[in-house]
Amino acid sequence: MSAPAAAYEERLERHTAERAAAAARSRALGSARLLVFAGLVAAGVWAEQVPGPLPFAVLAAVAVTFLALVAAHARVRRRARWAADLVRVQEDGLARVARAWERLPPRPAPTGVDDHHLAADLDLFGRPALAQLLGPTGTPAGRRTLAGWLLECAQPGEVAARQAAVRVLADSAAWRDAMAVHAHRAASVTRADAEAFLDWAEAEPWLTRRPALLWTARLLPLVTLVLAGLELAGVLEPSLWMLSLAAAGVLALGPAGKRVEATFDRAFGREGIFHEIPELLTLAADVPEGAARLEEVRARVAGGGGAPRALGRLRQLMYSADVRHGPGIFYVPLVLLTLWPFHVLARLERWQARCGPHARDWLDALGELEALAALAALAHDNPGWGYPEVAADAGWLTAEALGHPMLPPAVRVDNDVEVGPPGTFLLVTGSNMSGKSTLLRALGANVVLAGAGAPVCAARLRMPPVELRTSVHVEDSLTEGISFFMAQLRRVREIVAAADAAAEGGPRVCYLLDEILAGTNSAERRVAATRVIGHLVERGAIGAVSTHDLELAGEGALGGAAGGGGGGGGARPVHFSETVHTAADARAMSFDYRLRPGVATSTNALKLMALVGLGPSAADADQ
């Protein structure tokens, strides 16, 4: 068992015991509540039938005991739920280490990035997905920030800053577990929820800009009280106080009152944002020390008087406003006598003026911290992975012992890979199932992780900041009338356009082309592929191209041409191979997935057909 798995197992055992103990105590307190409640009913009957102070003293003591049990039971139930949530966090960690995708919740792409070319080509989101190896993100800002980091390579200084923060958080298991619990609980908050709240927080106040209305709401209840008191003292004629009460009713039920209710709905309509996000911000304010980026997050969360305290006050205001959802027999007199909603709105708008301008930065800072914690979970779970060097002076990508991060360590085969230098491209050949596509996806996934600031599935990786472009998993479209070949052409056109932009001063393009331009006849394919690769090489892009077409990889096409003139560029050929085992009653084929220099010299399509009982005989397949 690996060290991360052992750590998860130890914490799982501890939290499981805590959950069981809390559940047992909760059951005991629940039984005690029932007994005390029965005693409370009996004491009430006794106090009603027997006069004297003793029955009422007993009734009061039993009532206090019942209320204490209710409070204690609530605390124990919260502890039981917390322990249960921590158990889930450890189980998710074990599933990540084992690459048990079916035990992990899917990680859908945030709205707006689900159709990004990298998302499908490199299995970034969904199930199984690279994002499932990362820790959970609960807020819309966290999901959006993490997705943005995965889809765009940061500059070297930014990558280094994120890596420093990831190293600190990777060693802070208890803090990350608490973040994960609240992230799971906050997962129901949508981007629309957050934007609706921020739109209100950043809007102009309404009531405080109408001082006459505000002071009327403040003075009218006082006038009602004074008139009622004077009437009771016999100073005024009866029922004058009813006039001010009627005026309060007109104010509360008229256009002003409806505007107050609409403001409450706008501010608190997405109340899910007030449940777990304040807890997440409290953790953000207590983030472990040791990295400059974490200190920046802490400072941003502390702005505007401190996010945890401010959202705590706002949550209390929400509860005050929610009185309007109570029984009308209580709420209507409260409104008529005090104009309660107007006073709550006045306090709410004071919060809006003081804290509203900081709310978006609080949530953005929290989203950044969630993304860092998600990358830190990957670092914790894979302590043997290396932190890459993203350097502006690195002309190309070099990696030692690079593997696909989604494969379990027990079956993963690592290879040394070099993509570049400019003026060359990596030409990957081999027969079906030999590992060509996996190598390209491994390169892409590790480039994504490196650019995000995470450790990579490699002993060492050095690369420049790049714009990653891929054509790996391209599909046709029946509804749009797009053939497979046309879909590939569109993707290749985007890659060429990016390389042209990079030649004018943009970030260097790193391209990964799997079975380039399959879907057309071999003669035209060789011509088209040669022109495309030649153009990319001329533009200074670096990349890898895979093919099992030995003619395409051979002389005159991609394999041996020199750069320039629309030729294939400086191909650096590597290949995978397979071994066919023959026995008296069985035939099998195995792959070692080891990268070797040169162009592949064999194919295996007929052999695979023979293995499944189709096509040529076994003897023919060996020829």
# chains A, B, ... in the order shown; residues from 1 in each chain; ligands from 1

$ residues_around --residues "region 492-509 of chain A" --least-positions-apart "2" --cutoff "7 Å" --atoms "only C-alpha atoms" --output "mmCIF file with N, CA and C atoms, in the first residue's frame"
data_model
loop_
_atom_site.group_PDB
_atom_site.id
_atom_site.type_symbol
_atom_site.label_atom_id
_atom_site.label_comp_id
_atom_site.auth_asym_id
_atom_site.auth_seq_id
_atom_site.Cartn_x
_atom_site.Cartn_y
_atom_site.Cartn_z
ATOM 1 N N PRO A 465 6.502 28.101 -21.625
ATOM 2 C CA PRO A 465 5.046 28.332 -21.615
ATOM 3 C C PRO A 465 4.513 28.166 -23.030
ATOM 4 N N VAL A 466 3.497 27.343 -23.194
ATOM 5 C CA VAL A 466 3.007 27.015 -24.529
ATOM 6 C C VAL A 466 1.502 27.183 -24.603
ATOM 7 N N GLU A 467 1.027 27.329 -25.813
ATOM 8 C CA GLU A 467 -0.400 27.210 -26.101
ATOM 9 C C GLU A 467 -0.614 25.815 -26.663
ATOM 10 N N LEU A 468 -1.264 24.963 -25.906
ATOM 11 C CA LEU A 468 -1.437 23.564 -26.300
ATOM 12 C C LEU A 468 -2.604 23.458 -27.270
ATOM 13 N N ARG A 469 -2.344 22.796 -28.394
ATOM 14 C CA ARG A 469 -3.377 22.568 -29.403
ATOM 15 C C ARG A 469 -3.373 21.097 -29.780
ATOM 16 N N GLN A 488 -11.774 17.109 -38.898
ATOM 17 C CA GLN A 488 -10.331 17.140 -38.694
ATOM 18 C C GLN A 488 -9.711 18.370 -39.344
ATOM 19 N N LEU A 489 -10.152 18.688 -40.568
ATOM 20 C CA LEU A 489 -9.604 19.855 -41.255
ATOM 21 C C LEU A 489 -9.858 21.135 -40.461
ATOM 22 N N ARG A 490 -11.045 21.261 -39.892
ATOM 23 C CA ARG A 490 -11.345 22.451 -39.102
ATOM 24 C C ARG A 490 -10.414 22.557 -37.893
ATOM 25 N N TYR A 511 1.670 21.263 -30.437
ATOM 26 C CA TYR A 511 0.554 20.560 -31.066
ATOM 27 C C TYR A 511 0.715 19.048 -30.907
ATOM 28 N N LEU A 536 3.701 24.043 -39.863
ATOM 29 C CA LEU A 536 3.849 24.178 -38.414
ATOM 30 C C LEU A 536 5.311 24.247 -38.013
ATOM 31 N N ARG A 539 6.785 27.601 -38.754
ATOM 32 C CA ARG A 539 6.306 28.635 -37.839
ATOM 33 C C ARG A 539 6.921 28.515 -36.446
ATOM 34 N N GLY A 540 7.764 27.548 -36.230
ATOM 35 C CA GLY A 540 8.431 27.411 -34.942
ATOM 36 C C GLY A 540 7.653 26.656 -33.895
ATOM 37 N N ALA A 541 6.524 26.044 -34.281
ATOM 38 C CA ALA A 541 5.755 25.253 -33.328
ATOM 39 C C ALA A 541 6.492 23.944 -33.043
ATOM 40 N N ILE A 542 6.248 23.392 -31.865
ATOM 41 C CA ILE A 542 6.791 22.088 -31.514
ATOM 42 C C ILE A 542 5.614 21.139 -31.297
#

$ select_by_dssp --residues "region 116-175 of chain A" --states "helix (DSSP H, G or I)" --output "PyMOL selection string"
chain A and resi 117-121+130-133+140-151+156-170+173-175

$ closest_residue --among "A:Cys510, A:Ala74, A:Ala518, A:Leu34" --to "Leu552 (chain A)" --atoms "only C-alpha atoms"
A:Ala518

$ atom_distance --atom1 "CA of Glu91 (chain A)" --atom2 "CA of Ala401 (chain A)"
29.0 Å

$ closest_residue --among "A:Leu219, A:Ala147, A:Val159, A:Leu517" --to "Gly367 (chain A)" --atoms "only C-alpha atoms"
A:Ala147

$ closest_atom_pairs --of "region 199-316 of chain A" --to "region 127-143 of chain A" --cutoff "12 Å" --atoms "only C-alpha atoms" --output "JSON lines"
{"residue": "A:Gly272", "atom": "CA", "partner": "A:Thr139", "partner_atom": "CA", "distance": 10.8}
{"residue": "A:Ile273", "atom": "CA", "partner": "A:Thr139", "partner_atom": "CA", "distance": 8.9}
{"residue": "A:Phe274", "atom": "CA", "partner": "A:Thr139", "partner_atom": "CA", "distance": 11.7}
{"residue": "A:His275", "atom": "CA", "partner": "A:Thr139", "partner_atom": "CA", "distance": 11.7}
{"residue": "A:Glu276", "atom": "CA", "partner": "A:Gly138", "partner_atom": "CA", "distance": 9.1}
{"residue": "A:Ile277", "atom": "CA", "partner": "A:Thr139", "partner_atom": "CA", "distance": 7.6}
{"residue": "A:Pro278", "atom": "CA", "partner": "A:Thr139", "partner_atom": "CA", "distance": 11.3}
{"residue": "A:Glu279", "atom": "CA", "partner": "A:Gly138", "partner_atom": "CA", "distance": 11.6}
{"residue": "A:Leu280", "atom": "CA", "partner": "A:Gly138", "partner_atom": "CA", "distance": 9.1}
{"residue": "A:Leu281", "atom": "CA", "partner": "A:Thr139", "partner_atom": "CA", "distance": 11.0}

$ closest_residue --among "A:Leu104, A:Ala302, A:Cys153, A:Ala346" --to "Thr263 (chain A)" --atoms "only C-alpha atoms"
A:Ala346
